[in-house]
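**Q** Provided herewith is a single structure, encoded as structure tokens, for subsequent inquiry.
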Amino acid sequence: MWALLVLIGAAAVSAHLQDLAFDGQKVFRVIPQNDEQVEIINSLASNMQVDFWQPDSVTLVRPKMQVDFRVEADKSFEVEDLLKGSGVEYRVLIDNLQAALDAQFDSKVRTARHSYEKYNNWETIAAWTADVAAQNPDLVSRSVIGETYERRPMYLLKVGKSGPNKKAIFMDCGFHAREWISPAFCQWFVKEALETYGKDTVMTKLLNSLDFYILPVVNIDGYIYTWTKDRMWRKTRSKNAGSHCIGTDPNRNFNAGWCTLGASKKPCDSTYCGSAPESEKETKALADFIREHLSTIKAYLTIHSYSQLLLFPYSYTYELPSNYEELNSIARAASKQLASLYNTKYTYGSGAKTIYPAAGGSDDWAYDQGIKYAFTFELRDTGRYGFVLPESQIKPACEETLLAVKYIANYVLEHLY
């Protein structure tokens, strides 16, 4: 009993430490007007710990670009003084990150169990994958496609009515650990598929004709770390030889222009590309599964946040894909579908040209494997909350995203190749 109390006490302390970790931290938005102002942001980043939210790295900052970044509490006045003094336009998006983190859990749903309208920790998600497969054997099966660096099984759900020679769509969530709205969407998609099968004509047709492979969380170790130690963690949790810095950016770790534009060779950077393509067990497991099922997988969807974007290849080069017109028109129509519910505006286009170059991404890699329809979603919002989107927005964010995903899936079904 005493040991249990000690454990509970330790958990409470660790939760409390996590609670106070972000007190007074601020998130700034700046729009540098010229190269001089870009240089000011560069020098800021080199002189202190700056966590770039948008874009992912200071190296990507360009004039006229919206730049969101987080700074430690004790540095925030210094940063404001510097920005004011040098005439850089700025505003404070989040005045106290800890308060925003506390406010995240604003869902009216009160339950310790799994909920589609709350952020669920990994233990709860893992148990949910088992339950949802056990309770819906005619529509869902669960398998393990690999394990993470910290030896956790990577669960994959296959959703669809069983039938011969079915083509498939692969969808993953939770590449970047702190993007909590992403895994919430993968869970929501499964819920909607099951609840509306036999009722909604489009969903019924999709599940009868296609299989959906759903990987609810790619970066499980990182996701757990955001619940227990550091809510703002992004990368995997692997050790890097010769460095004290932990982790690789799994979405810079694929063999698609690997480690060229928009990726870093430094293990301490948040966009570190890893020691080699697929050096991460998580990216290798995902890539191996897709390679093994290349003859059936006809579309690849990867869910990230934030920015409200619908992107397609390429991100590792400014060149456009051969079916650019088709991908662009799908993205346009899917964005329109998404906006039809709550009028949420998405920007769409090829990655490098629409936002910034980023090599080694999973969508470019899937496209280069011959999967013609590859899309990256960057879900809500555009920066008011950034990575700390409140739970009260899970439902509307997922409802609208579902419309776009259904549109793309239906298009793929009608244009099988």
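Every chain in the structure tokens takes a letter, A first, then B, and so on in the order presented; its residues are numbered from 1, and the ligands are numbered from 1 following the presented order.
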Neighbours of A:Tyr407 within 12 Å (only C-alpha atoms; same-chain residues fewer than 5 positions away dropped), as a list in words?
**A**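 Close residues of A:Tyr407: Val202, Met203, Leu206, Ser329, Ile330, Ala331, Arg332, Ala333, Ala334, Ser335, Lys336, Gln337, Leu338, Glu400, Thr401, Leu402, Val412, Leu413 and Glu414 of chain A.
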**Q** How would you write, as a VMD selection string, the set of residues in stretch 74-274 of chain A that DSSP gives as strand (DSSP E or B)?
**A** chain A and resid 90 to 94 140 to 147 153 to 159 167 to 173 210 to 215 239 246 264 272
**Q** Determine which residues of stretch 65-162 of chain A DSSP labels as alpha helix (DSSP H) from the backbone of this structure, then write them out as an MDAnalysis selection string.
**A** chainID A and resid 76:85 97:104 122:135
**Q** Which residue out of A:Val58, A:Ala276, A:Ile125, A:Cys186 has the minimum interatomic distance to A:Tyr213 when only C-alpha atoms are used?
**A** A:Cys186
**Q** I want to know what sits within 8 Å of A:Asp51, based on only C-alpha atoms, with residues of the same chain fewer than 4 positions away left out; could you give that as a PyMOL selection string?
**A** chain A and resi 69-71
**Q** Store the residues picked out above, limited to N, CA and C atoms, as a short mmCIF file (atom, residue, chain, number, x, y, z; two decimals), in the first residue's frame.
**A**
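Heads up, here's the output in selection23.cif:
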data_model
loop_
_atom_site.label_atom_id
_atom_site.label_comp_id
_atom_site.auth_asym_id
_atom_site.auth_seq_id
_atom_site.Cartn_x
_atom_site.Cartn_y
_atom_site.Cartn_z
N PHE A 69 7.04 31.49 -32.88
CA PHE A 69 8.05 30.81 -32.08
C PHE A 69 7.81 31.00 -30.59
N ARG A 70 8.31 30.05 -29.82
CA ARG A 70 8.14 30.03 -28.37
C ARG A 70 9.45 30.35 -27.68
N VAL A 71 9.38 31.17 -26.64
CA VAL A 71 10.60 31.47 -25.88
C VAL A 71 10.38 31.24 -24.39
#
**Q** Name the residues in contact with A:Leu82 at a cut-off of 9 Å, using only C-alpha atoms, excluding same-chain residues fewer than 6 positions from it; report them as a list in words.
**A**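 So, after excluding close chain neighbours, the residues are Ile40, Leu44 and Val88 of chain A.
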**Q** Which distance in Å separates atom CA of A:Arg291 and atom CA of A:Phe175, to one decimal?
**A**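 Those two atoms sit 18.7 Å apart.
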**Q** I want to know what sits within 12 Å of A:Glu80, based on only C-alpha atoms, with residues of the same chain fewer than 3 positions away left out; could you give that as a ChimeraX atom specification?
**A** /A:26-30,41,44,71,73-77,83-92,95
**Q** For the interface of stretch 184-272 of chain A with stretch 113-119 of chain A (cut-off 7 Å, counting only C-alpha atoms), please tabulate each contacting residue of stretch 184-272 of chain A alongside its nearest pair of atoms and their separation in Å to one decimal, rows sorted by chain and increasing number, as JSON lines.
**A**
{"residue": "A:Ala184", "atom": "CA", "partner": "A:Tyr119", "partner_atom": "CA", "distance": 6.5}
{"residue": "A:Gln187", "atom": "CA", "partner": "A:Tyr116", "partner_atom": "CA", "distance": 6.8}
{"residue": "A:Trp188", "atom": "CA", "partner": "A:Tyr116", "partner_atom": "CA", "distance": 6.1}
**Q** What's around A:Val218 at 8 Å? Count only C-alpha atoms, leave out sequence neighbours fewer than 5 positions away in its own chain, and write the answer as a VMD selection string.
**A** chain A and resid 154 172 to 175 282 to 283
**Q** With all heavy atoms retained, could you export that selection as a compact mmCIF listing (two decimals), in the first residue's frame?
**A**
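This went into out_30.txt:
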# COMPACT_ATOMS: atom_id res chain seq x y z
N MET A 154 3.59 -1.06 -32.64
CA MET A 154 2.90 -0.07 -33.47
C MET A 154 1.65 -0.73 -34.04
O MET A 154 1.72 -1.60 -34.90
CB MET A 154 3.82 0.39 -34.60
CG MET A 154 5.02 1.18 -34.11
SD MET A 154 6.19 1.59 -35.44
CE MET A 154 5.22 2.75 -36.42
N ASP A 172 -2.08 7.97 -41.79
CA ASP A 172 -1.40 7.95 -40.49
C ASP A 172 -1.56 9.27 -39.76
O ASP A 172 -1.82 10.31 -40.36
CB ASP A 172 0.08 7.58 -40.64
CG ASP A 172 0.86 8.54 -41.53
OD1 ASP A 172 0.80 9.76 -41.30
OD2 ASP A 172 1.54 8.06 -42.46
N CYS A 173 -1.40 9.19 -38.45
CA CYS A 173 -1.50 10.36 -37.58
C CYS A 173 -0.35 10.32 -36.57
O CYS A 173 0.26 9.27 -36.35
CB CYS A 173 -2.83 10.35 -36.82
SG CYS A 173 -4.29 10.57 -37.89
N GLY A 174 -0.08 11.46 -35.96
CA GLY A 174 0.88 11.48 -34.86
C GLY A 174 2.34 11.31 -35.24
O GLY A 174 3.10 10.67 -34.52
N PHE A 175 2.75 11.88 -36.37
CA PHE A 175 4.17 11.89 -36.73
C PHE A 175 4.95 12.75 -35.74
O PHE A 175 5.99 12.34 -35.23
CB PHE A 175 4.35 12.49 -38.14
CG PHE A 175 4.72 11.48 -39.17
CD1 PHE A 175 3.76 10.81 -39.91
CD2 PHE A 175 6.05 11.20 -39.42
CE1 PHE A 175 4.10 9.88 -40.88
CE2 PHE A 175 6.42 10.28 -40.39
CZ PHE A 175 5.44 9.61 -41.11
N GLU A 282 10.38 3.61 -36.40
CA GLU A 282 8.99 3.95 -36.72
C GLU A 282 8.82 4.23 -38.22
O GLU A 282 7.86 3.73 -38.84
CB GLU A 282 8.55 5.18 -35.92
CG GLU A 282 8.55 4.98 -34.41
CD GLU A 282 9.90 5.19 -33.72
OE1 GLU A 282 10.93 5.37 -34.42
OE2 GLU A 282 9.95 5.16 -32.48
N THR A 283 9.74 5.00 -38.79
CA THR A 283 9.59 5.31 -40.22
C THR A 283 9.87 4.06 -41.06
O THR A 283 9.22 3.83 -42.08
CB THR A 283 10.53 6.45 -40.66
OG1 THR A 283 11.85 6.16 -40.26
CG2 THR A 283 10.13 7.77 -40.06
**Q** Quick one: of A:Thr302, A:Ser43, A:Thr111, A:Asn219, who's nearest to A:Trp233, counting only C-alpha atoms?
**A**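 Counting only C-alpha atoms, the residue closest to A:Trp233 is A:Asn219.
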**Q** Would you pick out the contacts of A:Tyr417 at 12 Å or less, using only C-alpha atoms, so that residues sharing its chain but fewer than 6 positions from it are not included, and give the list as a list in words?
**A**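 Once the nearby chain positions are removed, what remains is Lys167, Ala168, Ser295, Thr296, Ile297, Lys298, Ala299, Gly370, Ile371, Lys372, Tyr373 and Tyr411 of chain A.
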**Q** Output N, CA, C and O atoms of each residue in that selection to a file, as a PDB file, in the first residue's frame.
**A**
ATOM      1  N   LYS A 167      -8.641  -2.540 -53.158  1.00  0.00           N
ATOM      2  CA  LYS A 167      -7.595  -1.521 -53.102  1.00  0.00           C
ATOM      3  C   LYS A 167      -7.702  -0.824 -51.750  1.00  0.00           C
ATOM      4  O   LYS A 167      -8.709  -0.943 -51.053  1.00  0.00           O
ATOM      5  N   ALA A 168      -6.657  -0.054 -51.408  1.00  0.00           N
ATOM      6  CA  ALA A 168      -6.625   0.518 -50.066  1.00  0.00           C
ATOM      7  C   ALA A 168      -6.122   1.952 -50.046  1.00  0.00           C
ATOM      8  O   ALA A 168      -5.462   2.422 -50.983  1.00  0.00           O
ATOM      9  N   SER A 295       1.001  -2.757 -54.254  1.00  0.00           N
ATOM     10  CA  SER A 295       0.083  -3.082 -55.356  1.00  0.00           C
ATOM     11  C   SER A 295      -1.358  -2.713 -55.010  1.00  0.00           C
ATOM     12  O   SER A 295      -2.172  -2.516 -55.903  1.00  0.00           O
ATOM     13  N   THR A 296      -1.659  -2.608 -53.713  1.00  0.00           N
ATOM     14  CA  THR A 296      -3.045  -2.284 -53.344  1.00  0.00           C
ATOM     15  C   THR A 296      -3.247  -0.851 -52.854  1.00  0.00           C
ATOM     16  O   THR A 296      -4.329  -0.306 -52.989  1.00  0.00           O
ATOM     17  N   ILE A 297      -2.209  -0.235 -52.266  1.00  0.00           N
ATOM     18  CA  ILE A 297      -2.397   1.111 -51.704  1.00  0.00           C
ATOM     19  C   ILE A 297      -2.403   2.155 -52.822  1.00  0.00           C
ATOM     20  O   ILE A 297      -1.430   2.309 -53.558  1.00  0.00           O
ATOM     21  N   LYS A 298      -3.519   2.851 -52.954  1.00  0.00           N
ATOM     22  CA  LYS A 298      -3.700   3.802 -54.048  1.00  0.00           C
ATOM     23  C   LYS A 298      -3.699   5.257 -53.589  1.00  0.00           C
ATOM     24  O   LYS A 298      -3.693   6.174 -54.421  1.00  0.00           O
ATOM     25  N   ALA A 299      -3.733   5.488 -52.298  1.00  0.00           N
ATOM     26  CA  ALA A 299      -3.659   6.854 -51.782  1.00  0.00           C
ATOM     27  C   ALA A 299      -2.981   6.832 -50.424  1.00  0.00           C
ATOM     28  O   ALA A 299      -3.078   5.840 -49.682  1.00  0.00           O
ATOM     29  N   GLY A 370       5.097   5.527 -56.272  1.00  0.00           N
ATOM     30  CA  GLY A 370       4.078   5.252 -57.283  1.00  0.00           C
ATOM     31  C   GLY A 370       2.656   5.426 -56.780  1.00  0.00           C
ATOM     32  O   GLY A 370       1.695   5.115 -57.494  1.00  0.00           O
ATOM     33  N   ILE A 371       2.499   5.919 -55.544  1.00  0.00           N
ATOM     34  CA  ILE A 371       1.147   6.188 -55.026  1.00  0.00           C
ATOM     35  C   ILE A 371       0.745   7.580 -55.511  1.00  0.00           C
ATOM     36  O   ILE A 371       1.238   8.595 -55.032  1.00  0.00           O
ATOM     37  N   LYS A 372      -0.142   7.590 -56.501  1.00  0.00           N
ATOM     38  CA  LYS A 372      -0.459   8.820 -57.230  1.00  0.00           C
ATOM     39  C   LYS A 372      -1.134   9.903 -56.390  1.00  0.00           C
ATOM     40  O   LYS A 372      -1.011  11.093 -56.674  1.00  0.00           O
ATOM     41  N   TYR A 373      -1.879   9.459 -55.376  1.00  0.00           N
ATOM     42  CA  TYR A 373      -2.639  10.411 -54.570  1.00  0.00           C
ATOM     43  C   TYR A 373      -2.046  10.474 -53.171  1.00  0.00           C
ATOM     44  O   TYR A 373      -2.317   9.605 -52.337  1.00  0.00           O
ATOM     45  N   TYR A 411     -12.963  10.092 -54.607  1.00  0.00           N
ATOM     46  CA  TYR A 411     -12.296  10.408 -55.886  1.00  0.00           C
ATOM     47  C   TYR A 411     -11.347   9.258 -56.281  1.00  0.00           C
ATOM     48  O   TYR A 411     -11.330   8.813 -57.423  1.00  0.00           O
TER      49      TYR A 411
END
**Q** Of the candidates A:Lys158, A:Asp35, A:Leu97, A:Thr228, which shows the shortest atom-to-atom distance to A:Asn121, using only C-alpha atoms?
**A**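 Going through A:Lys158, A:Asp35, A:Leu97, A:Thr228 one by one, the smallest distance to A:Asn121 is for A:Thr228.
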**Q** Here is a test: counting only C-alpha atoms, which residue of A:Gly198, A:Pro164, A:Pro267, A:Gly257 is nearest to A:Tyr314?
**A** A:Gly257
